[in-house]
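As stored in input.cif (mmCIF, C-alpha atoms and all ligand atoms):
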```cif
data_structure
loop_
_atom_site.label_atom_id
_atom_site.label_comp_id
_atom_site.auth_asym_id
_atom_site.auth_seq_id
_atom_site.Cartn_x
_atom_site.Cartn_y
_atom_site.Cartn_z
CA MET G 23 59.42 75.77 92.73
CA ASN G 24 58.06 74.32 95.92
CA ASN G 25 60.57 71.66 96.63
CA PHE G 26 63.93 72.41 98.04
CA GLU G 27 66.58 69.89 97.60
CA TYR G 28 69.67 69.59 99.71
CA THR G 29 72.93 69.40 97.85
CA PRO G 30 76.00 68.84 99.99
CA PRO G 31 78.60 71.56 99.46
CA LYS G 32 81.22 70.58 96.95
CA ASN G 33 84.03 71.15 99.36
CA THR G 34 83.89 70.42 103.04
CA PRO G 35 84.42 73.70 104.84
CA ILE G 36 88.04 74.19 105.76
CA GLU G 37 88.77 74.68 109.43
CA SER G 38 89.65 78.25 110.38
CA ASP G 39 92.91 77.12 111.90
CA LYS G 40 93.98 75.50 108.67
CA LEU G 41 93.21 78.64 106.70
CA LEU G 42 95.15 80.83 109.10
CA TYR G 43 98.01 78.39 109.27
CA ASP G 44 98.39 78.52 105.52
CA LEU G 45 98.47 82.32 105.56
CA LYS G 46 101.28 82.21 108.07
CA LYS G 47 103.11 79.56 106.11
CA VAL G 48 103.02 81.55 102.87
CA ALA G 49 104.08 84.75 104.63
CA GLU G 50 106.99 82.95 106.27
CA LYS G 51 108.06 81.34 103.04
CA LEU G 52 108.11 84.72 101.33
CA GLY G 53 109.66 86.41 104.35
CA THR G 54 107.06 89.16 104.46
CA ASP G 55 104.30 90.37 106.74
CA ILE G 56 102.46 92.00 103.87
CA LEU G 57 100.41 89.54 101.90
CA SER G 58 98.30 90.56 98.92
CA GLN G 59 95.58 88.30 97.56
CA LYS G 60 97.45 88.09 94.31
CA LEU G 61 100.54 86.79 96.02
CA TYR G 62 98.57 84.36 98.09
CA LEU G 63 96.88 83.04 94.97
CA GLU G 64 100.29 82.23 93.62
CA TYR G 65 101.68 80.47 96.68
CA GLY G 66 98.75 79.58 98.91
CA LYS G 67 96.79 76.38 99.16
CA TYR G 68 93.23 77.69 99.32
CA ASP G 69 90.94 79.95 97.39
CA VAL G 70 91.12 83.57 98.63
CA THR G 71 87.33 83.75 98.90
CA SER G 72 87.49 81.09 101.64
CA PHE G 73 89.07 83.75 103.81
CA SER G 74 86.58 86.53 103.23
CA ARG G 75 83.73 84.05 103.65
CA ARG G 76 85.10 82.81 106.93
CA PHE G 77 86.49 86.00 108.44
CA GLY G 78 84.47 88.71 106.76
CA THR G 79 87.32 90.27 104.82
CA TRP G 80 90.76 89.35 103.61
CA ARG G 81 92.20 92.06 105.83
CA GLU G 82 90.45 90.62 108.88
CA ALA G 83 91.85 87.16 108.20
CA LEU G 84 95.35 88.59 107.88
CA SER G 85 95.06 90.61 111.08
CA LYS G 86 94.28 87.40 112.99
CA VAL G 87 97.81 86.19 112.31
CA GLY G 88 99.51 89.57 112.52
CA LEU G 89 99.79 90.15 108.78
CA LYS G 90 98.89 93.16 106.66
CA PRO G 91 97.17 93.25 103.28
CA GLY G 92 99.21 94.38 100.32
CA ASN G 93 98.35 97.28 98.07
CA ILE G 94 97.47 99.71 100.82
CA PHE G 95 100.78 101.42 101.27
CA ASN G 96 102.23 104.26 99.40
CA TYR G 97 105.93 103.82 99.51
CA SER G 98 108.33 106.65 98.85
CA ASP G 99 110.75 106.29 95.95
CA GLU G 100 113.55 106.02 98.47
CA GLU G 101 111.84 103.05 100.14
CA LEU G 102 111.18 101.36 96.82
CA PHE G 103 114.80 101.83 95.77
CA GLU G 104 116.15 100.78 99.16
CA ASN G 105 114.31 97.49 98.77
CA ILE G 106 115.76 96.99 95.29
CA LEU G 107 119.27 97.68 96.51
CA ASN G 108 118.82 95.14 99.30
CA ILE G 109 117.78 92.49 96.80
CA TRP G 110 120.56 93.48 94.41
CA GLN G 111 123.09 93.22 97.25
CA TYR G 112 121.63 89.90 98.34
CA LYS G 113 121.74 88.40 94.84
CA GLY G 114 124.92 90.11 93.78
CA LYS G 115 123.30 90.95 90.48
CA GLN G 116 120.39 92.80 88.96
CA PRO G 117 117.12 91.52 90.41
CA ILE G 118 114.31 90.15 88.31
CA ARG G 119 110.69 91.06 88.99
CA LYS G 120 109.97 87.76 90.70
CA ASP G 121 112.64 88.45 93.33
CA LEU G 122 110.20 90.91 94.88
CA ASN G 123 108.17 87.95 96.11
CA PHE G 124 110.96 86.48 98.18
CA LYS G 125 113.28 87.32 101.02
CA PRO G 126 114.86 89.78 101.58
CA SER G 127 112.29 91.82 99.64
CA LYS G 128 109.89 93.63 101.91
CA ILE G 129 107.77 95.21 99.19
CA SER G 130 105.61 93.28 96.76
CA GLN G 131 105.28 93.86 93.03
CA SER G 132 102.18 96.05 93.13
CA PRO G 133 103.67 99.26 94.54
CA TYR G 134 106.38 99.09 91.87
CA ASN G 135 103.82 98.52 89.14
CA ARG G 136 101.80 101.47 90.34
CA ARG G 137 104.79 103.77 90.52
CA PHE G 138 106.82 102.69 87.49
CA LYS G 139 104.40 100.67 85.33
CA SER G 140 107.03 98.22 84.10
CA TRP G 141 109.91 96.34 85.66
CA SER G 142 112.41 97.67 83.14
CA TYR G 143 111.41 101.24 83.96
CA THR G 144 111.70 100.41 87.66
CA LEU G 145 115.27 99.23 87.18
CA LEU G 146 116.14 102.12 84.91
CA SER G 147 114.83 104.58 87.48
CA PHE G 148 116.72 102.84 90.24
CA VAL G 149 120.01 102.87 88.36
CA LYS G 150 119.57 106.52 87.42
CA TYR G 151 118.82 107.37 91.02
CA ALA G 152 121.68 105.32 92.42
CA ASN G 153 124.08 106.81 89.90
CA GLY G 154 122.96 110.27 90.85
CA THR G 155 121.21 111.22 87.64
CA ASP G 156 118.08 113.15 88.45
CA ILE G 157 114.77 111.75 87.42
CA GLN G 158 111.34 113.25 87.87
CA ASN G 159 110.00 113.73 91.38
CA ILE G 160 113.16 112.62 93.07
CA GLU G 161 115.21 114.83 95.30
CA THR G 162 118.92 114.35 95.14
CA PRO G 163 120.40 116.39 97.95
CA GLN G 164 124.05 117.26 97.74
CA ILE G 165 125.95 115.64 100.55
CA SER G 166 128.31 118.03 102.26
CA ASP G 167 131.70 117.01 103.62
CA SER G 168 130.59 117.40 107.21
CA ILE G 169 127.68 115.01 106.73
CA LYS G 170 130.02 112.46 105.24
CA LYS G 171 131.85 112.38 108.52
CA ILE G 172 128.83 112.48 110.77
CA ASN G 173 126.78 109.69 109.22
CA ARG G 174 128.00 106.23 109.90
CA ASP G 175 125.60 104.58 107.50
CA PRO G 176 126.33 105.24 103.85
CA SER G 177 123.43 106.44 101.74
CA LEU G 178 121.79 104.15 99.22
CA ARG G 179 123.68 105.90 96.44
CA LEU G 180 127.01 105.44 98.17
CA ARG G 181 126.37 101.79 98.94
CA PHE G 182 125.43 101.11 95.36
CA LYS G 183 128.64 102.83 94.21
CA VAL G 184 130.76 100.74 96.57
CA LEU G 185 129.10 97.47 95.62
CA LYS G 186 129.31 98.24 91.92
CA ARG G 187 132.95 99.28 92.14
CA ASP G 188 133.71 95.98 93.93
CA ASN G 189 131.65 93.97 91.40
CA PHE G 190 129.23 92.83 94.08
CA SER G 191 131.86 90.55 95.58
CA CYS G 192 133.96 90.44 98.72
CA LYS G 193 137.14 92.52 98.43
CA GLN G 194 139.03 90.10 100.64
CA CYS G 195 138.10 86.58 99.57
CA GLY G 196 136.26 87.29 96.34
CA VAL G 197 133.03 85.41 97.00
CA SER G 198 129.78 86.76 95.62
CA PRO G 199 126.08 86.03 96.14
CA ALA G 200 125.72 85.66 92.39
CA LYS G 201 127.80 82.48 92.59
CA ASP G 202 127.04 81.35 96.13
CA LYS G 203 123.59 81.91 97.56
CA ASN G 204 124.85 81.76 101.15
CA VAL G 205 127.08 84.77 100.73
CA GLU G 206 125.88 87.98 102.29
CA LEU G 207 127.58 91.25 101.42
CA HIS G 208 128.21 94.16 103.73
CA VAL G 209 129.51 97.62 103.05
CA ASP G 210 132.33 98.10 105.52
CA HIS G 211 134.43 101.06 106.70
CA ILE G 212 138.10 100.32 105.92
CA LYS G 213 139.25 102.62 108.69
CA PRO G 214 136.57 102.08 111.32
CA TRP G 215 134.07 104.83 111.75
CA SER G 216 134.65 104.70 115.51
CA LYS G 217 138.29 105.55 114.87
CA GLY G 218 137.56 108.52 112.69
CA GLY G 219 137.10 106.67 109.40
CA GLU G 220 134.83 108.63 107.10
CA THR G 221 131.77 107.44 105.27
CA ILE G 222 133.18 108.16 101.82
CA LEU G 223 133.68 105.96 98.78
CA GLU G 224 137.45 105.71 99.36
CA ASN G 225 137.00 104.44 102.90
CA LEU G 226 134.31 101.90 102.11
CA GLN G 227 134.63 98.36 100.82
CA THR G 228 132.48 95.35 100.11
CA LEU G 229 133.04 92.43 102.48
CA CYS G 230 131.25 89.15 102.88
CA GLN G 231 129.76 88.28 106.23
CA LYS G 232 132.65 85.99 107.17
CA CYS G 233 135.43 88.46 106.34
CA ASN G 234 133.53 91.28 108.00
CA LEU G 235 133.10 89.25 111.15
CA GLY G 236 136.78 88.26 111.15
CA LYS G 237 137.72 91.87 110.76
CA SER G 238 135.69 93.11 113.71
CA ASN G 239 137.09 90.31 115.87
CA ILE G 240 140.62 91.47 115.16
CA GLU G 241 139.91 95.03 116.11
ZN ZN B 1 135.02 87.48 102.15
#
```
In structure tokens, how does this file's structure come out?
Ligand SMILES: [Zn+2]
Amino acid sequence: MNNFEYTPPKNTPIESDKLLYDLKKVAEKLGTDILSQKLYLEYGKYDVTSFSRRFGTWREALSKVGLKPGNIFNYSDEELFENILNIWQYKGKQPIRKDLNFKPSKISQSPYNRRFKSWSYTLLSFVKYANGTDIQNIETPQISDSIKKINRDPSLRLRFKVLKRDNFSCKQCGVSPAKDKNVELHVDHIKPWSKGGETILENLQTLCQKCNLGKSNIE
């Protein structure tokens, strides 16, 4: 073939700024600074190859707007479970897999898939852990009485116990995130920690943001 023929590209090249803006927009919408290609494919406007073509790599494009690529972190079980508890607390009920994509989740689906294979096994492992039943590879240190007094922040296990006991709803006014999306639950010391209240199940209660705020104003 001797003759070259010019064919205009099918799509006009997208401006770099527009590409980067869309990355930021998706990350903000999902409330995360870790953005995998898979996630972007689901929520983004452009083809992921536009980014590697323009910026060299996906990672490079992300770094331009202060984001990190997904799939590179190895999270500990504690971190994975902590994230699930946060979502559970936020929703006031058992999370579904898709919840991992949205605020307040900080970890995407992939690390869970790698560690637990399926979502049902993820949840089962979480519940076993939170309930204190040992599962493989997970340390469950016995909390001594002195530590209970020293630590202000209840452990994941303790928080889950408190929330579950209180049916994931405010002990004072009864609201729950399951019924009202604006409700945020806190685990609160009944007798304040600063006044010698211990971080034990009996001295902890679930309060919504409003009641918790009202309480600290009174004191
Ligand atoms: Zn309340």
Atom CA of G:Gln111 to atom CA of G:Leu207, distance in Å rounded to a single decimal
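Rounded to one decimal, the two atoms are 6.4 Å apart.
Nearest residue to G:Tyr68 among G:Pro35, G:Ile222, G:Tyr97, G:Ser216 is G:Pro35, counting only C-alpha atoms.
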Expected answer as a list in words: all residues with atoms within 9 Å of (94.5, 81.5, 108.4), all atoms listed in the file
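Neighbouring residues, ordered by chain and number, come to Glu37, Ser38, Asp39, Lys40, Leu41, Leu42, Tyr43, Asp44, Leu45, Lys46, Phe73, Ala83, Leu84, Lys86 and Val87 of chain G.
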Selected residue, from G:Leu107, G:Ala200, G:Ile118, G:Cys233, that lies nearest to G:Lys183 when counting all atoms listed in the file
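Closest to G:Lys183, using all atoms listed in the file: G:Leu107.
Of note, atom CA of G:Cys195 and atom CA of G:Pro176 are spaced 22.5 Å apart.
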Sorted per-residue table, chain G near ligand ZN 1 (chain B), closest atoms and distance, 8 Å, all atoms listed in the file, as CSV:
```
residue,atom,partner,partner_atom,distance
G:Ser191,CA,B:ZN1,ZN,7.9
G:Cys192,CA,B:ZN1,ZN,4.7
G:Lys193,CA,B:ZN1,ZN,6.6
G:Gln194,CA,B:ZN1,ZN,5.0
G:Cys195,CA,B:ZN1,ZN,4.1
G:Gly196,CA,B:ZN1,ZN,5.9
G:Val197,CA,B:ZN1,ZN,5.9
G:Leu229,CA,B:ZN1,ZN,5.3
G:Cys230,CA,B:ZN1,ZN,4.2
G:Gln231,CA,B:ZN1,ZN,6.7
G:Lys232,CA,B:ZN1,ZN,5.7
G:Cys233,CA,B:ZN1,ZN,4.3
G:Asn234,CA,B:ZN1,ZN,7.1
```
Would you work out the distance separating atom CA of G:Tyr65 from atom CA of G:Asp99, expressed in Å to one decimal?
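For atom CA of G:Tyr65 relative to atom CA of G:Asp99, the distance reads 27.4 Å.
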